[in-house]
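Shown below: input18.cif, with mmCIF, C-alpha atoms.
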data_work
#
loop_
_atom_site.label_atom_id
_atom_site.label_comp_id
_atom_site.auth_asym_id
_atom_site.auth_seq_id
_atom_site.Cartn_x
_atom_site.Cartn_y
_atom_site.Cartn_z
CA MET O 235 19.06 -9.58 -19.86
CA ALA O 236 16.94 -11.78 -17.62
CA THR O 237 14.78 -9.03 -16.19
CA ASN O 238 11.60 -11.10 -15.96
CA ILE O 239 12.03 -14.55 -14.48
CA GLY O 240 9.12 -16.91 -13.91
CA MET O 241 8.66 -18.52 -10.49
CA MET O 242 9.55 -21.92 -11.96
CA ASP O 243 12.95 -20.69 -13.13
CA SER O 244 15.94 -22.48 -11.61
CA ALA O 245 16.95 -19.14 -10.04
CA TYR O 246 14.36 -19.64 -7.31
CA PHE O 247 15.83 -22.99 -6.32
CA VAL O 248 19.16 -21.47 -5.27
CA GLY O 249 19.63 -21.93 -1.51
CA ARG O 250 20.21 -19.15 1.00
CA ASN O 251 23.75 -20.35 1.77
CA GLU O 252 24.74 -19.99 -1.88
CA ILE O 253 23.14 -16.54 -1.99
CA LEU O 254 24.99 -15.42 1.15
CA THR O 255 28.29 -16.78 -0.16
CA TRP O 256 27.76 -14.92 -3.43
CA ILE O 257 27.13 -11.63 -1.60
CA ASN O 258 29.92 -12.00 0.95
CA ASP O 259 32.56 -13.00 -1.61
CA ARG O 260 31.74 -10.20 -4.02
CA LEU O 261 31.20 -7.37 -1.57
CA GLN O 262 33.63 -8.48 1.16
CA LEU O 263 30.87 -8.72 3.75
CA ASN O 264 29.97 -11.27 6.38
CA LEU O 265 26.19 -11.60 6.24
CA SER O 266 24.78 -14.63 8.00
CA ARG O 267 21.08 -14.15 7.15
CA VAL O 268 19.38 -12.95 3.97
CA GLU O 269 17.17 -10.54 5.93
CA GLU O 270 20.31 -8.56 6.79
CA ALA O 271 20.11 -7.30 3.21
CA ALA O 272 16.60 -5.90 3.71
CA SER O 273 17.84 -2.29 3.68
CA GLY O 274 18.45 -2.44 -0.08
CA ALA O 275 22.07 -1.26 0.23
CA VAL O 276 23.52 -4.64 -0.78
CA GLN O 277 21.30 -4.78 -3.85
CA CYS O 278 22.42 -1.28 -4.88
CA GLN O 279 26.09 -2.22 -4.59
CA MET O 280 25.62 -5.47 -6.49
CA LEU O 281 24.24 -3.47 -9.42
CA ASP O 282 27.02 -0.90 -8.94
CA MET O 283 29.54 -3.69 -9.45
CA THR O 284 27.66 -5.08 -12.45
CA PHE O 285 26.96 -1.68 -14.09
CA PRO O 286 29.76 0.73 -13.05
CA GLY O 287 28.67 4.35 -12.81
CA VAL O 288 24.92 3.67 -12.92
CA VAL O 289 24.26 3.65 -9.15
CA GLN O 290 24.51 6.86 -7.13
CA MET O 291 26.41 5.17 -4.32
CA HIS O 292 26.78 8.40 -2.33
CA LYS O 293 23.03 8.22 -1.74
CA VAL O 294 23.09 4.62 -0.49
CA ASN O 295 22.90 4.35 3.29
CA PHE O 296 24.54 1.17 4.62
CA ASP O 297 23.63 2.22 8.15
CA ALA O 298 19.88 2.20 7.40
CA LYS O 299 17.97 0.67 10.30
CA ASN O 300 14.46 2.14 10.07
CA GLU O 301 12.01 1.78 7.22
CA TYR O 302 12.30 5.42 6.14
CA ASP O 303 16.06 5.13 5.51
CA MET O 304 15.59 1.76 3.83
CA ILE O 305 12.97 3.19 1.49
CA GLN O 306 15.48 5.88 0.43
CA ASN O 307 17.86 3.10 -0.63
CA TYR O 308 15.12 1.42 -2.63
CA LYS O 309 14.40 4.73 -4.35
CA VAL O 310 18.01 4.70 -5.53
CA LEU O 311 17.51 1.10 -6.66
CA GLN O 312 14.31 2.04 -8.50
CA ASP O 313 16.18 4.79 -10.35
CA VAL O 314 18.69 2.17 -11.46
CA PHE O 315 15.87 -0.10 -12.63
CA ASN O 316 14.47 2.79 -14.66
CA LYS O 317 17.84 3.58 -16.24
CA LEU O 318 18.42 -0.06 -17.16
CA LYS O 319 14.78 -0.50 -18.26
CA ILE O 320 14.26 -3.33 -15.77
CA THR O 321 10.53 -4.00 -15.53
CA LYS O 322 10.58 -6.19 -12.42
CA PRO O 323 8.36 -4.54 -9.77
CA LEU O 324 10.04 -3.58 -6.50
CA GLU O 325 7.79 -4.67 -3.63
CA ILE O 326 9.42 -2.24 -1.20
CA ASN O 327 6.77 -2.48 1.52
CA ARG O 328 7.39 -6.21 1.82
CA LEU O 329 11.18 -6.11 1.53
CA VAL O 330 11.75 -3.52 4.27
CA LYS O 331 9.85 -5.74 6.74
CA GLY O 332 12.86 -8.03 6.68
CA ARG O 333 10.87 -11.21 6.08
CA PRO O 334 13.31 -13.98 5.05
CA LEU O 335 11.30 -15.44 2.16
CA ASP O 336 10.57 -12.08 0.49
CA ASN O 337 14.22 -11.05 0.69
CA LEU O 338 15.47 -14.47 -0.39
CA GLU O 339 13.31 -14.46 -3.52
CA PHE O 340 14.47 -10.97 -4.46
CA LEU O 341 18.14 -11.88 -3.94
CA GLN O 342 17.61 -15.06 -5.98
CA TRP O 343 16.29 -12.91 -8.81
CA LEU O 344 19.19 -10.44 -8.39
CA LYS O 345 21.78 -13.21 -8.62
CA ARG O 346 20.15 -14.62 -11.74
CA PHE O 347 20.05 -11.14 -13.29
CA CYS O 348 23.68 -10.27 -12.46
CA ASP O 349 24.86 -13.69 -13.67
CA SER O 350 23.18 -13.00 -17.02
CA ILE O 351 25.45 -9.97 -17.57
CA ASN O 352 28.82 -10.85 -19.09
CA GLY O 353 28.34 -14.43 -17.96
CA GLY O 354 28.42 -13.36 -14.32
CA ILE O 355 32.14 -12.53 -14.55
CA MET O 356 33.19 -10.42 -11.58
CA ASN O 357 34.66 -6.96 -12.17
CA GLU O 358 38.20 -7.49 -10.85
CA ASN O 359 38.88 -3.74 -10.72
CA TYR O 360 35.94 -3.13 -8.40
CA ASN O 361 36.78 -2.29 -4.78
CA PRO O 362 33.57 -2.88 -2.77
CA VAL O 363 34.96 -1.48 0.49
CA GLU O 364 36.08 1.74 -1.16
CA ARG O 365 32.81 2.15 -3.07
CA ARG O 366 30.70 2.04 0.08
CA SER O 367 32.97 4.56 1.83
CA ARG O 368 32.02 8.13 2.61
CA ASN O 369 34.61 10.91 2.93
CA GLY O 370 37.36 8.31 2.95
CA LYS O 371 35.98 6.48 6.00
CA GLU O 372 34.28 3.14 5.64
CA ARG O 373 30.69 3.08 6.74
CA SER O 374 29.64 0.62 9.41
CA VAL O 375 28.39 -2.30 7.37
CA LYS O 376 28.44 -5.84 8.74
CA GLY O 377 31.58 -7.60 7.69
CA SER O 378 33.92 -4.61 7.97
CA ASN O 379 37.16 -5.38 9.78
CA LYS O 380 37.65 -1.83 11.03
CA ILE O 381 37.36 -1.20 14.78
CA PRO O 382 35.11 1.70 15.80
CA LYS O 383 36.96 4.73 17.11
CA SER O 384 35.25 4.46 20.48
CA LEU O 385 36.74 1.01 20.98
CA GLN O 386 40.14 2.15 19.74
CA THR O 387 40.11 5.00 22.26
CA ASN O 388 39.14 2.70 25.11
CA ASN O 389 41.91 0.27 24.20
CA ASN O 390 44.52 3.03 24.63
CA HIS O 391 43.70 3.36 28.35
CA PRO O 392 45.09 0.94 30.93
CA PRO O 393 42.60 -1.38 32.64
CA PRO O 394 41.13 -0.09 35.91
CA ASN O 395 42.70 -1.16 39.21
CA SER O 396 41.18 -4.27 40.68
CA GLY O 397 39.05 -3.62 43.72
CA SER O 398 35.64 -4.09 45.23
CA VAL O 399 34.02 -1.75 42.71
CA GLY O 400 35.67 -3.49 39.79
CA LEU O 401 34.63 -6.89 41.08
CA SER O 402 31.04 -5.81 41.49
CA LYS O 403 30.92 -4.62 37.88
CA ALA O 404 32.43 -7.83 36.57
CA SER O 405 30.20 -10.08 38.61
CA GLY O 406 27.97 -10.74 35.62
CA PRO O 407 24.60 -9.53 34.29
CA LYS O 408 21.86 -8.54 36.66
CA PRO O 409 18.98 -11.03 37.11
CA ALA O 410 16.62 -8.77 35.16
CA LYS O 411 19.04 -8.60 32.23
CA ALA O 412 19.63 -12.34 32.37
CA ALA O 413 15.88 -12.97 32.19
CA GLU O 414 15.60 -10.59 29.24
CA VAL O 415 18.41 -12.37 27.39
CA GLN O 416 16.78 -15.73 28.09
CA ALA O 417 13.44 -14.49 26.78
CA MET O 418 15.06 -13.14 23.61
CA SER O 419 16.93 -16.41 23.10
CA LYS O 420 13.65 -18.33 23.32
CA GLU O 421 12.02 -15.93 20.89
CA LEU O 422 14.89 -16.42 18.42
CA ALA O 423 14.58 -20.19 18.78
CA ASP O 424 10.83 -19.98 18.08
CA LEU O 425 11.46 -17.78 15.05
CA LYS O 426 13.98 -20.26 13.70
CA ILE O 427 11.46 -23.07 14.05
CA SER O 428 8.83 -20.98 12.24
CA THR O 429 11.31 -20.16 9.47
CA ASP O 430 12.24 -23.82 9.05
CA LEU O 431 8.57 -24.77 8.80
CA LEU O 432 7.97 -22.05 6.20
CA GLU O 433 10.93 -23.27 4.17
CA LYS O 434 9.64 -26.84 4.24
CA GLU O 435 6.18 -25.65 3.18
CA ARG O 436 7.66 -23.58 0.35
CA ASP O 437 9.80 -26.50 -0.84
CA PHE O 438 6.74 -28.78 -0.73
CA TYR O 439 4.70 -26.51 -3.00
CA PHE O 440 7.66 -25.85 -5.28
CA SER O 441 8.06 -29.60 -5.76
CA LYS O 442 4.36 -29.90 -6.62
CA LEU O 443 4.65 -27.12 -9.19
CA ARG O 444 7.75 -28.76 -10.61
CA ASP O 445 5.86 -32.05 -11.01
CA VAL O 446 3.09 -30.21 -12.85
CA GLU O 447 5.67 -28.55 -15.12
CA ILE O 448 7.33 -31.88 -15.96
CA LEU O 449 3.92 -33.38 -16.75
CA CYS O 450 3.08 -30.44 -19.03
CA GLN O 451 6.35 -30.98 -20.92
CA THR O 452 5.28 -34.45 -22.05
CA PRO O 453 5.43 -34.29 -25.90
CA GLU O 454 2.09 -36.08 -26.32
CA LEU O 455 0.34 -33.50 -24.13
CA ASP O 456 2.23 -30.39 -25.19
CA ASP O 457 -0.44 -29.03 -27.59
CA LEU O 458 -3.51 -29.80 -25.48
CA PRO O 459 -5.45 -26.60 -24.63
CA ILE O 460 -5.51 -27.36 -20.91
CA VAL O 461 -1.73 -27.88 -20.88
CA VAL O 462 -1.11 -24.62 -22.75
CA ALA O 463 -3.39 -22.82 -20.29
CA VAL O 464 -1.53 -24.26 -17.30
CA LYS O 465 1.81 -23.18 -18.81
CA LYS O 466 0.52 -19.64 -19.16
CA ILE O 467 0.05 -19.58 -15.38
CA LEU O 468 3.31 -21.39 -14.55
CA TYR O 469 5.51 -19.14 -16.66
CA ALA O 470 3.79 -15.82 -15.93
CA THR O 471 6.32 -13.20 -14.84
CA ASP O 472 3.96 -10.76 -13.11
CA ALA O 473 2.24 -11.10 -9.76
CA ASN O 474 -1.29 -10.03 -10.73
CA GLU O 475 -4.30 -12.10 -11.77
CA SER O 476 -3.96 -11.48 -15.51
CA ALA O 477 -2.24 -14.85 -16.02
CA LEU O 478 -5.28 -16.73 -14.74
CA GLU O 479 -7.62 -14.58 -16.83
CA ASP O 480 -5.50 -15.09 -19.95
CA ALA O 481 -5.40 -18.84 -19.35
CA GLN O 482 -9.18 -19.02 -18.88
CA GLU O 483 -9.79 -16.93 -21.99
CA TYR O 484 -7.46 -19.12 -24.06
CA LEU O 485 -9.08 -22.28 -22.76
CA ASN O 486 -12.59 -21.01 -23.49
CA GLN O 487 -11.62 -20.03 -27.02
CA SER O 488 -9.86 -23.34 -27.67
CA LEU O 489 -12.79 -25.38 -26.42
CA GLY O 490 -15.40 -23.18 -28.11
CA VAL O 491 -17.12 -22.48 -24.82
CA GLU O 492 -17.81 -18.85 -25.66
CA ASP O 493 -19.21 -19.71 -29.10
CA GLU O 494 -21.49 -22.33 -27.59
CA ALA O 495 -22.73 -19.93 -24.92
CA GLU O 496 -23.36 -17.29 -27.54
CA ALA O 497 -25.27 -19.76 -29.70
CA ASN O 498 -27.40 -20.81 -26.74
CA GLY O 499 -28.15 -17.17 -25.99
CA GLU O 500 -29.26 -16.53 -29.56
CA GLN O 501 -31.47 -19.62 -29.48
CA GLN O 502 -33.14 -18.48 -26.26
CA GLU O 503 -33.78 -15.05 -27.72
CA GLU O 504 -35.29 -16.63 -30.82
CA GLU O 505 -37.57 -18.83 -28.71
CA LYS O 506 -38.73 -15.80 -26.72
CA THR O 507 -39.51 -13.97 -29.96
CA GLN O 508 -41.54 -16.87 -31.33
CA ALA O 509 -43.46 -17.18 -28.09
#

Turn this file's structure into C-alpha cells for me.
Amino acid sequence: MATNIGMMDSAYFVGRNEILTWINDRLQLNLSRVEEAASGAVQCQMLDMTFPGVVQMHKVNFDAKNEYDMIQNYKVLQDVFNKLKITKPLEINRLVKGRPLDNLEFLQWLKRFCDSINGGIMNENYNPVERRSRNGKERSVKGSNKIPKSLQTNNNHPPPNSGSVGLSKASGPKPAKAAEVQAMSKELADLKISTDLLEKERDFYFSKLRDVEILCQTPELDDLPIVVAVKKILYATDANESALEDAQEYLNQSLGVEDEAEANGEQQEEEKTQA
C-alpha cells in the first residue's frame, strides 16, 4: 500500500478537477471546490468504500460546520489509519481551516492510496447514499437530491394572494442587503485571484523540483555524493527536518569532511601540547 508518498510523486500533479470528479462519481456528491471536503467526512467515506467495515460511519458527521465537529470526524479517520497501520501524519489543524492547497494535497494522497488498493477498482456493491444515512434518512450533504422537509411543506401551500403587501416583499433585496452581497462577491473574486496566484506559484516550484529530479536521474551523475544527498531530500516522505540532516550527514561522510575536521582537531591539540 502506498501509505508514504514523496512530494515528487505523480500523485501530487493530479489537478483539482480530476480530484473532484473522482469524489463526486464515487460518492454521488456534487462538490465544486476541494475545500468543501475539509470536514473529513468525505475522506472517511472514501476509506469506508475501499475498506468495508473499517470505518465507524455512524460517528461521521456530514453536517460538520465548525472545527470541533470536524475534528471529531478526523478522530474517526485517525482510528482508521491506526487500524490499517497507515503512518501518514494527519495535519488536522491545517485541514479544518479549509485552505485549498492543504486539502488538495491530502485528497491527492488519498486518491493515490485508494487507487493502490485492488487497482483502484470501485466496489460496485457499495451504496454511498445509504452509508451516509442516519436512521434511514439521508443526512444533508452537498450533492443530495432530496428536498428538505421545510421546503416540501411550503410547496404544499398555495401561493399568497397578490396585493400591495406581496408586491412589497417581492420588490427585491433591501439596499443594505444588496451592498452586503456586492461586498461578499468582491471578496470572493479577490480570494479566487489569490488562489490562482498560489496555484501558479506552487506549479512554478514544482516544475523547478521536477527539473532537479530529472537532472539527478542522469546515469553519469547518479552515484555522485551530492546527487544522492539531494535525492534523500526530494524523496523524503516526512515533513520534518531529518531529511536535510540525513543528507548533510551522508554528504559529510562521503566527502570525508568529518574525518578531516577530526584530524585537524587532533593536530591542534598536539601543537598545544608541544607548546

For this session: Please indicate the distance in Å from CA of Glu433 in chain O to CA of Pro334 in chain O, rounded to one decimal place.
Result: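 Going from CA of Glu433 in chain O over to CA of Pro334 in chain O, I get 9.6 Å.
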
Problem set entry | Atomic separation - CA of Ala272 in chain O relative to CA of Leu329 in chain O, Å |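 These atoms are spaced 5.8 Å apart.
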
Resolved residues for the PyMOL selection byres ((chain O and resi 330) around 7) as a compact mmCIF listing (two decimals) with C-alpha atoms, in the coordinates of the input:
# COMPACT_ATOMS: atom_id res chain seq x y z
CA ALA O 272 16.60 -5.90 3.71
CA SER O 273 17.84 -2.29 3.68
CA GLU O 301 12.01 1.78 7.22
CA MET O 304 15.59 1.76 3.83
CA ILE O 326 9.42 -2.24 -1.20
CA ASN O 327 6.77 -2.48 1.52
CA ARG O 328 7.39 -6.21 1.82
CA LEU O 329 11.18 -6.11 1.53
CA LYS O 331 9.85 -5.74 6.74
CA GLY O 332 12.86 -8.03 6.68

For this session: Evaluate the PyMOL selection byres ((chain O and resi 362-365) around 8) on the structure here and hand back the selected residues as a PyMOL selection string.
Result: chain O and resi 260-262+279+283+291+360-361+366-367+370+372

For this session: Would you translate the PyMOL selection byres ((chain O and resi 446) around 12) into the concrete set of residues it matches in this file, as a PyMOL selection string?
Result: chain O and resi 242+439-445+447-452+461+464-465+467-469

For this session: Could you jot down the CA of Arg333 in chain O to CA of Lys319 in chain O separation for me, Å, one decimal place?
Result: 26.9 Å

Problem set entry | Option closest in space to Lys309 in chain O, from O:Ala417, O:Val288, O:Leu263, O:Cys278 [counting only C-alpha atoms] | O:Cys278

Problem set entry | Among listed residues O:Ser244, O:Gln342, O:Asn337, O:Gln290, nearest Val314 in chain O (using all atoms listed in the file) |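 Of the candidates, the smallest distance to Val314 in chain O is held by O:Gln290.
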
Exercise. Looking at O:Glu479, O:Pro459, O:Leu338, O:Asp282, which one is nearest to Asn251 in chain O, with distances taken over all atoms listed in the file?
Worked result: O:Leu338

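Nearest to Ile257 in chain O of all the residues O:Cys348, O:Leu478, O:Gly490, O:Gln306 is O:Cys348, counting all atoms listed in the file.
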
Show which residues sit within 12 Å of Glu252 in chain O, as a CSV table (one decimal) with C-alpha atoms, in the coordinates of the input. Count all atoms listed in the file, and ignore same-chain residues fewer than 5 positions away.
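Listed below is the output, selection-v1.csv:
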chain,number,residue,atom,x,y,z
O,245,ALA,CA,17.0,-19.1,-10.0
O,246,TYR,CA,14.4,-19.6,-7.3
O,247,PHE,CA,15.8,-23.0,-6.3
O,257,ILE,CA,27.1,-11.6,-1.6
O,258,ASN,CA,29.9,-12.0,1.0
O,259,ASP,CA,32.6,-13.0,-1.6
O,265,LEU,CA,26.2,-11.6,6.2
O,266,SER,CA,24.8,-14.6,8.0
O,267,ARG,CA,21.1,-14.2,7.2
O,268,VAL,CA,19.4,-13.0,4.0
O,338,LEU,CA,15.5,-14.5,-0.4
O,341,LEU,CA,18.1,-11.9,-3.9
O,342,GLN,CA,17.6,-15.1,-6.0
O,345,LYS,CA,21.8,-13.2,-8.6
